[in-house]
$ cat protein-v2.cif   # mmCIF, C-alpha atoms
data_target
#
loop_
_atom_site.label_atom_id
_atom_site.label_comp_id
_atom_site.auth_asym_id
_atom_site.auth_seq_id
_atom_site.Cartn_x
_atom_site.Cartn_y
_atom_site.Cartn_z
CA MET A 1 -37.36 -64.73 -13.71
CA THR A 2 -37.83 -62.20 -10.92
CA ILE A 3 -39.08 -63.15 -7.46
CA ILE A 4 -40.81 -59.85 -6.68
CA PRO A 5 -42.97 -58.20 -9.38
CA SER A 6 -40.93 -55.00 -9.69
CA ASP A 7 -42.68 -54.24 -12.98
CA ASN A 8 -45.84 -53.38 -10.98
CA PRO A 9 -44.86 -50.63 -8.52
CA LEU A 10 -48.20 -50.55 -6.66
CA ILE A 11 -48.05 -54.26 -5.90
CA LEU A 12 -44.40 -54.00 -4.94
CA ILE A 13 -44.96 -51.02 -2.64
CA SER A 14 -47.93 -52.76 -1.01
CA MET A 15 -45.88 -55.91 -0.46
CA LEU A 16 -43.04 -53.97 1.12
CA TYR A 17 -45.42 -52.07 3.38
CA ILE A 18 -47.14 -55.28 4.51
CA MET A 19 -43.80 -56.97 5.18
CA GLY A 20 -42.71 -53.99 7.25
CA SER A 21 -45.99 -54.00 9.14
CA VAL A 22 -45.51 -57.44 10.70
CA PRO A 23 -45.34 -56.64 14.47
CA PHE A 24 -42.94 -59.27 15.76
CA SER A 25 -42.86 -57.87 19.28
CA VAL A 26 -46.63 -58.21 19.62
CA ILE A 27 -46.56 -61.66 18.04
CA PHE A 28 -43.86 -62.96 20.40
CA ALA A 29 -45.45 -61.27 23.39
CA ARG A 30 -48.58 -63.31 22.74
CA LEU A 31 -46.68 -66.52 22.02
CA PHE A 32 -44.73 -66.19 25.28
CA LYS A 33 -47.81 -64.95 27.18
CA LEU A 34 -46.14 -61.63 28.02
CA SER A 35 -47.66 -58.18 28.41
CA ASP A 36 -48.23 -56.27 25.19
CA PRO A 37 -45.07 -54.12 24.72
CA ARG A 38 -47.31 -51.18 23.83
CA THR A 39 -48.61 -51.09 27.42
CA PHE A 40 -45.41 -50.70 29.46
CA GLY A 41 -41.98 -49.05 29.49
CA SER A 42 -41.47 -46.86 26.45
CA LYS A 43 -44.65 -48.37 24.92
CA ASN A 44 -42.55 -49.01 21.83
CA PRO A 45 -43.15 -52.38 20.15
CA GLY A 46 -39.48 -53.15 19.70
CA ALA A 47 -36.76 -55.45 21.00
CA THR A 48 -35.46 -53.02 23.63
CA ASN A 49 -38.85 -52.67 25.24
CA MET A 50 -39.36 -56.43 25.02
CA LEU A 51 -36.25 -56.81 27.19
CA ARG A 52 -38.17 -55.06 29.96
CA THR A 53 -40.38 -58.15 30.21
CA GLY A 54 -37.34 -60.05 31.43
CA ASN A 55 -37.72 -62.58 28.62
CA LYS A 56 -34.46 -62.37 26.69
CA LEU A 57 -35.52 -65.00 24.17
CA ALA A 58 -38.65 -63.06 23.21
CA ALA A 59 -36.55 -59.89 22.89
CA ALA A 60 -33.94 -61.67 20.77
CA LEU A 61 -36.58 -63.17 18.49
CA THR A 62 -38.18 -59.73 18.10
CA LEU A 63 -34.80 -58.25 17.16
CA ILE A 64 -34.10 -61.03 14.65
CA GLY A 65 -37.59 -60.76 13.16
CA ASP A 66 -37.34 -56.99 12.73
CA ILE A 67 -33.91 -57.32 11.09
CA ILE A 68 -35.09 -60.07 8.75
CA LYS A 69 -38.15 -58.13 7.59
CA GLY A 70 -35.77 -55.39 6.48
CA PHE A 71 -33.13 -57.69 5.02
CA LEU A 72 -35.23 -60.28 3.19
CA PRO A 73 -37.23 -57.95 0.88
CA VAL A 74 -34.05 -56.05 0.01
CA TYR A 75 -32.19 -59.27 -0.70
CA LEU A 76 -35.02 -60.46 -2.97
CA LEU A 77 -35.08 -57.12 -4.76
CA THR A 78 -31.38 -57.50 -5.57
CA LYS A 79 -32.45 -60.49 -7.68
CA THR A 80 -34.55 -58.22 -9.89
CA GLU A 81 -33.55 -55.67 -12.52
CA LEU A 82 -33.65 -52.85 -9.97
CA ILE A 83 -30.44 -51.05 -9.08
CA VAL A 84 -29.33 -50.70 -5.47
CA ASN A 85 -30.26 -46.99 -5.29
CA GLN A 86 -33.84 -47.79 -6.29
CA ILE A 87 -33.96 -50.65 -3.80
CA TYR A 88 -32.85 -48.41 -0.93
CA ILE A 89 -35.54 -45.87 -1.81
CA LEU A 90 -38.19 -48.60 -2.01
CA ALA A 91 -37.07 -49.87 1.40
CA PHE A 92 -38.59 -46.77 2.96
CA PHE A 93 -41.98 -48.40 2.41
CA ILE A 94 -40.78 -51.19 4.71
CA TYR A 95 -39.95 -48.52 7.30
CA LEU A 96 -43.37 -46.95 6.89
CA GLY A 97 -44.96 -50.33 7.49
CA HIS A 98 -42.91 -50.83 10.63
CA ILE A 99 -43.62 -47.36 12.02
CA PHE A 100 -47.28 -47.28 10.95
CA SER A 101 -48.22 -50.95 11.08
CA VAL A 102 -51.60 -51.77 9.57
CA PHE A 103 -51.84 -54.72 11.97
CA ILE A 104 -51.62 -52.67 15.19
CA LYS A 105 -53.69 -49.59 14.41
CA PHE A 106 -50.88 -47.82 12.55
CA LYS A 107 -48.73 -47.53 15.67
CA GLY A 108 -45.41 -49.30 15.33
CA GLY A 109 -41.77 -49.17 16.28
CA LYS A 110 -38.84 -46.86 15.67
CA ALA A 111 -37.34 -48.78 12.71
CA VAL A 112 -33.81 -49.22 14.07
CA ALA A 113 -33.53 -53.00 13.69
CA THR A 114 -35.47 -52.92 10.42
CA SER A 115 -33.13 -50.23 9.09
CA ILE A 116 -30.15 -52.38 10.03
CA GLY A 117 -31.71 -55.26 8.10
CA VAL A 118 -32.19 -53.06 5.04
CA ILE A 119 -28.64 -51.74 5.23
CA LEU A 120 -27.35 -55.30 5.68
CA GLY A 121 -29.01 -56.21 2.39
CA ILE A 122 -27.49 -53.19 0.64
CA ASP A 123 -23.95 -53.12 2.05
CA TYR A 124 -22.99 -55.59 4.78
CA PHE A 125 -19.83 -53.68 5.77
CA VAL A 126 -21.77 -50.47 6.36
CA ALA A 127 -24.24 -52.50 8.41
CA VAL A 128 -21.36 -53.86 10.51
CA CYS A 129 -20.20 -50.27 11.09
CA VAL A 130 -23.68 -49.25 12.26
CA ILE A 131 -24.01 -52.26 14.55
CA SER A 132 -20.51 -51.78 15.95
CA THR A 133 -21.21 -48.11 16.68
CA TRP A 134 -24.46 -49.03 18.43
CA ILE A 135 -22.67 -51.62 20.59
CA ILE A 136 -19.78 -49.30 21.51
CA ILE A 137 -22.04 -46.40 22.49
CA TYR A 138 -24.33 -48.73 24.43
CA LEU A 139 -21.41 -50.25 26.35
CA ILE A 140 -20.31 -46.74 27.30
CA THR A 141 -23.68 -45.16 28.09
CA LYS A 142 -26.14 -48.06 28.61
CA ILE A 143 -28.67 -45.94 26.68
CA SER A 144 -30.23 -47.75 23.72
CA GLY A 145 -31.79 -44.62 22.20
CA LEU A 146 -28.51 -42.69 22.25
CA SER A 147 -26.74 -45.68 20.70
CA ALA A 148 -29.22 -45.76 17.81
CA ILE A 149 -29.13 -42.00 17.29
CA THR A 150 -25.31 -41.95 17.19
CA ALA A 151 -25.07 -44.93 14.85
CA PHE A 152 -27.53 -43.46 12.36
CA VAL A 153 -26.12 -39.95 12.49
CA LEU A 154 -22.89 -41.57 11.30
CA LEU A 155 -24.66 -43.69 8.68
CA PRO A 156 -24.21 -41.27 5.72
CA SER A 157 -20.49 -41.06 6.54
CA PHE A 158 -20.20 -44.84 6.58
CA PHE A 159 -21.82 -45.06 3.15
CA TYR A 160 -19.69 -42.19 1.83
CA PHE A 161 -16.36 -43.65 2.95
CA PHE A 162 -16.96 -47.38 2.69
CA SER A 163 -19.26 -47.86 -0.30
CA ASN A 164 -18.53 -47.05 -3.92
CA ASN A 165 -21.86 -45.32 -4.40
CA ASP A 166 -22.25 -41.67 -3.40
CA HIS A 167 -25.98 -41.86 -4.10
CA LEU A 168 -26.40 -44.34 -1.25
CA ALA A 169 -24.81 -41.82 1.11
CA SER A 170 -27.34 -39.21 -0.03
CA ILE A 171 -30.30 -41.58 0.35
CA SER A 172 -29.08 -42.65 3.78
CA ILE A 173 -29.46 -39.06 5.01
CA PHE A 174 -33.22 -39.62 4.85
CA ASN A 175 -32.77 -42.86 6.79
CA THR A 176 -30.93 -40.85 9.44
CA LEU A 177 -33.69 -38.23 9.53
CA LEU A 178 -36.29 -40.97 9.89
CA ILE A 179 -34.50 -42.42 12.92
CA LEU A 180 -34.13 -38.97 14.45
CA ILE A 181 -37.86 -38.36 14.01
CA THR A 182 -38.83 -41.69 15.58
CA HIS A 183 -36.44 -40.94 18.44
CA ARG A 184 -37.59 -37.37 19.03
CA SER A 185 -38.82 -38.20 22.55
CA ASN A 186 -35.46 -39.81 23.32
CA ILE A 187 -33.66 -36.71 22.07
CA TYR A 188 -35.89 -34.48 24.19
CA ASN A 189 -35.25 -36.59 27.28
CA LEU A 190 -31.49 -36.58 26.69
CA LEU A 191 -31.42 -32.81 26.23
CA SER A 192 -33.63 -32.29 29.29
CA LYS A 193 -31.08 -34.07 31.49
CA ASN A 194 -28.39 -31.55 30.58
#

$ encode --input "protein-v2.cif" --output "structure tokens"
Amino acid sequence: MTIIPSDNPLILISMLYIMGSVPFSVIFARLFKLSDPRTFGSKNPGATNMLRTGNKLAAALTLIGDIIKGFLPVYLLTKTELIVNQIYILAFFIYLGHIFSVFIKFKGGKAVATSIGVILGIDYFVAVCVISTWIIIYLITKISGLSAITAFVLLPSFFYFFSNNDHLASISIFNTLLILITHRSNIYNLLSKN
């Protein structure tokens, strides 16, 4: 018995998109009576911008929520007949939901935490590598965007060297490109400073 109806791709894709669309930052901002994260700082509805409210608990809950909405669907899909390569490809509909959330006028986040959740469900060691890289770069630079960019540029290499599936490394290149696209303003700002 499968938990998610993988035999009906339209239903599955819709479910993944809806799961990805849940805007935890907006939800927790309202619960904690904070300003909408889309109205200040980077205007990005993500955990980093939530930190700018000064409420670390709301930021932490946003981070956890965004990771879980990537991890949980992938974990459930591993209980179906789908192979891991197919699951990783399907996970991009979670990313689309996060970036273009139907609940907040199709304007969402940058999909870093959600990507980490997806990768955690696919290969936990690769996820640890990504998280470790993010932490190391952040400790050195104190720049969240640069940390994410660096970690995901290295993602295909992590999959190539530490997983036994070359196809995952190839698919992860598109994950890297997605993060680079969502961080294009960060990249521009970093290059402008040089």

$ closest_residue --input "protein-v2.cif" --among "A:Pro73, A:Gly145, A:Gly108, A:Gly41" --to "Ala91 (chain A)" --atoms "only C-alpha atoms"
A:Pro73

$ residues_around --input "protein-v2.cif" --residues "Val130 (chain A)" --least-positions-apart "4" --cutoff "9 Å" --atoms "all atoms listed in the file" --output "PyMOL selection string"
chain A and resi 116+119+125-126+134-135+148+150-152+154-155+158

$ resolve_selection --input "protein-v2.cif" --expression "the PyMOL selection byres ((chain A and resi 42) around 12)" --output "list in words"
Asp36, Pro37, Arg38, Thr39, Phe40, Gly41, Lys43, Asn44, Pro45, Gly46, Ala47, Thr48, Asn49, Met50, Leu51, Arg52, Thr53, Gly109, Lys110, Ser144, Gly145, His183, Ser185 and Asn186 of chain A

$ write_last_selection --input "protein-v2.cif" --atoms "C-alpha atoms" --output "compact mmCIF listing (two decimals), in the coordinates of the input"
# COMPACT_ATOMS: atom_id res chain seq x y z
CA ASP A 36 -48.23 -56.27 25.19
CA PRO A 37 -45.07 -54.12 24.72
CA ARG A 38 -47.31 -51.18 23.83
CA THR A 39 -48.61 -51.09 27.42
CA PHE A 40 -45.41 -50.70 29.46
CA GLY A 41 -41.98 -49.05 29.49
CA LYS A 43 -44.65 -48.37 24.92
CA ASN A 44 -42.55 -49.01 21.83
CA PRO A 45 -43.15 -52.38 20.15
CA GLY A 46 -39.48 -53.15 19.70
CA ALA A 47 -36.76 -55.45 21.00
CA THR A 48 -35.46 -53.02 23.63
CA ASN A 49 -38.85 -52.67 25.24
CA MET A 50 -39.36 -56.43 25.02
CA LEU A 51 -36.25 -56.81 27.19
CA ARG A 52 -38.17 -55.06 29.96
CA THR A 53 -40.38 -58.15 30.21
CA GLY A 109 -41.77 -49.17 16.28
CA LYS A 110 -38.84 -46.86 15.67
CA SER A 144 -30.23 -47.75 23.72
CA GLY A 145 -31.79 -44.62 22.20
CA HIS A 183 -36.44 -40.94 18.44
CA SER A 185 -38.82 -38.20 22.55
CA ASN A 186 -35.46 -39.81 23.32

$ atom_distance --input "protein-v2.cif" --atom1 "CA of Glu81 (chain A)" --atom2 "CA of Phe174 (chain A)"
23.7 Å

$ axis_aligned_box --input "protein-v2.cif" --around "region 61-69 of chain A" --padding-each-side "3 Å" --output "AutoDock Vina command-line options"
--center_x -36.0 --center_y -60.1 --center_z 13.0 --size_x 10.3 --size_y 12.2 --size_z 16.9

$ closest_residue --input "protein-v2.cif" --among "A:Leu120, A:Ile99, A:Ala127, A:Ala29" --to "Ile179 (chain A)" --atoms "all atoms listed in the file"
A:Ile99

$ resolve_selection --input "protein-v2.cif" --expression "the PyMOL selection byres ((chain A and resi 22) around 10)" --output "NGL selection string"
:A and (17-21 or 23-27 or 65-66 or 69 or 94 or 97-98 or 101-104 or 108)

$ resolve_selection --input "protein-v2.cif" --expression "the PyMOL selection byres ((chain A and resi 84) around 10)" --output "list in words"
Val74, Leu77, Thr78, Glu81, Leu82, Ile83, Asn85, Gln86, Ile87, Tyr88, Ile89, Leu90, Gly121, Ile122, Asp123, Asn165, His167 and Leu168 of chain A

$ atom_distance --input "protein-v2.cif" --atom1 "CA of Ile64 (chain A)" --atom2 "CA of Ala113 (chain A)"
8.1 Å

$ closest_residue --input "protein-v2.cif" --among "A:Ile149, A:Tyr95, A:Ile13, A:Asn8" --to "Ile137 (chain A)" --atoms "all atoms listed in the file"
A:Ile149

$ atom_distance --input "protein-v2.cif" --atom1 "CA of Ile131 (chain A)" --atom2 "CA of Asp166 (chain A)"
20.9 Å

$ closest_residue --input "protein-v2.cif" --among "A:Thr114, A:Thr62, A:Ser163, A:Ser147" --to "Arg30 (chain A)" --atoms "all atoms listed in the file"
A:Thr62

$ closest_residue --input "protein-v2.cif" --among "A:Ala58, A:Leu63, A:Leu190, A:Pro9" --to "Thr141 (chain A)" --atoms "all atoms listed in the file"
A:Leu190

$ closest_residue --input "protein-v2.cif" --among "A:Ala169, A:Leu180, A:Leu12, A:Phe161" --to "Val112 (chain A)" --atoms "only C-alpha atoms"
A:Leu180

$ residues_around --input "protein-v2.cif" --residues "Leu177 (chain A)" --least-positions-apart "5" --cutoff "9 Å" --atoms "only C-alpha atoms" --output "PDB file with C-alpha atoms, keeping the file's coordinate frame"
ATOM      1  CA  PHE A 152     -27.530 -43.460  12.360  1.00  0.00           C
ATOM      2  CA  VAL A 153     -26.120 -39.950  12.490  1.00  0.00           C
ATOM      3  CA  SER A 172     -29.080 -42.650   3.780  1.00  0.00           C
ATOM      4  CA  THR A 182     -38.830 -41.690  15.580  1.00  0.00           C
TER       5      THR A 182
END

$ decode --input "protein-v2.cif" --residues "region 128-155 of chain A" --atoms "C-alpha atoms" --output "PDB file, in the first residue's frame"
ATOM      1  CA  VAL A 128      25.175  17.054   6.012  1.00  0.00           C
ATOM      2  CA  CYS A 129      27.862  18.168   3.542  1.00  0.00           C
ATOM      3  CA  VAL A 130      25.631  20.961   2.243  1.00  0.00           C
ATOM      4  CA  ILE A 131      24.701  22.121   5.744  1.00  0.00           C
ATOM      5  CA  SER A 132      28.315  21.958   6.923  1.00  0.00           C
ATOM      6  CA  THR A 133      29.475  24.006   3.941  1.00  0.00           C
ATOM      7  CA  TRP A 134      26.779  26.607   4.613  1.00  0.00           C
ATOM      8  CA  ILE A 135      27.820  26.869   8.274  1.00  0.00           C
ATOM      9  CA  ILE A 136      31.547  27.121   7.513  1.00  0.00           C
ATOM     10  CA  ILE A 137      31.113  29.823   4.865  1.00  0.00           C
ATOM     11  CA  TYR A 138      28.691  31.732   7.091  1.00  0.00           C
ATOM     12  CA  LEU A 139      31.103  31.637  10.045  1.00  0.00           C
ATOM     13  CA  ILE A 140      33.804  33.063   7.790  1.00  0.00           C
ATOM     14  CA  THR A 141      31.798  35.669   5.871  1.00  0.00           C
ATOM     15  CA  LYS A 142      28.596  36.259   7.900  1.00  0.00           C
ATOM     16  CA  ILE A 143      26.782  36.364   4.536  1.00  0.00           C
ATOM     17  CA  SER A 144      23.840  33.959   4.311  1.00  0.00           C
ATOM     18  CA  GLY A 145      23.406  34.313   0.545  1.00  0.00           C
ATOM     19  CA  LEU A 146      27.062  33.541  -0.174  1.00  0.00           C
ATOM     20  CA  SER A 147      26.880  30.542   2.154  1.00  0.00           C
ATOM     21  CA  ALA A 148      23.901  29.132   0.253  1.00  0.00           C
ATOM     22  CA  ILE A 149      25.435  29.813  -3.153  1.00  0.00           C
ATOM     23  CA  THR A 150      28.713  28.103  -2.196  1.00  0.00           C
ATOM     24  CA  ALA A 151      26.998  25.091  -0.647  1.00  0.00           C
ATOM     25  CA  PHE A 152      24.807  24.492  -3.689  1.00  0.00           C
ATOM     26  CA  VAL A 153      27.554  25.086  -6.229  1.00  0.00           C
ATOM     27  CA  LEU A 154      29.305  22.189  -4.499  1.00  0.00           C
ATOM     28  CA  LEU A 155      26.146  20.063  -4.359  1.00  0.00           C
TER      29      LEU A 155
END
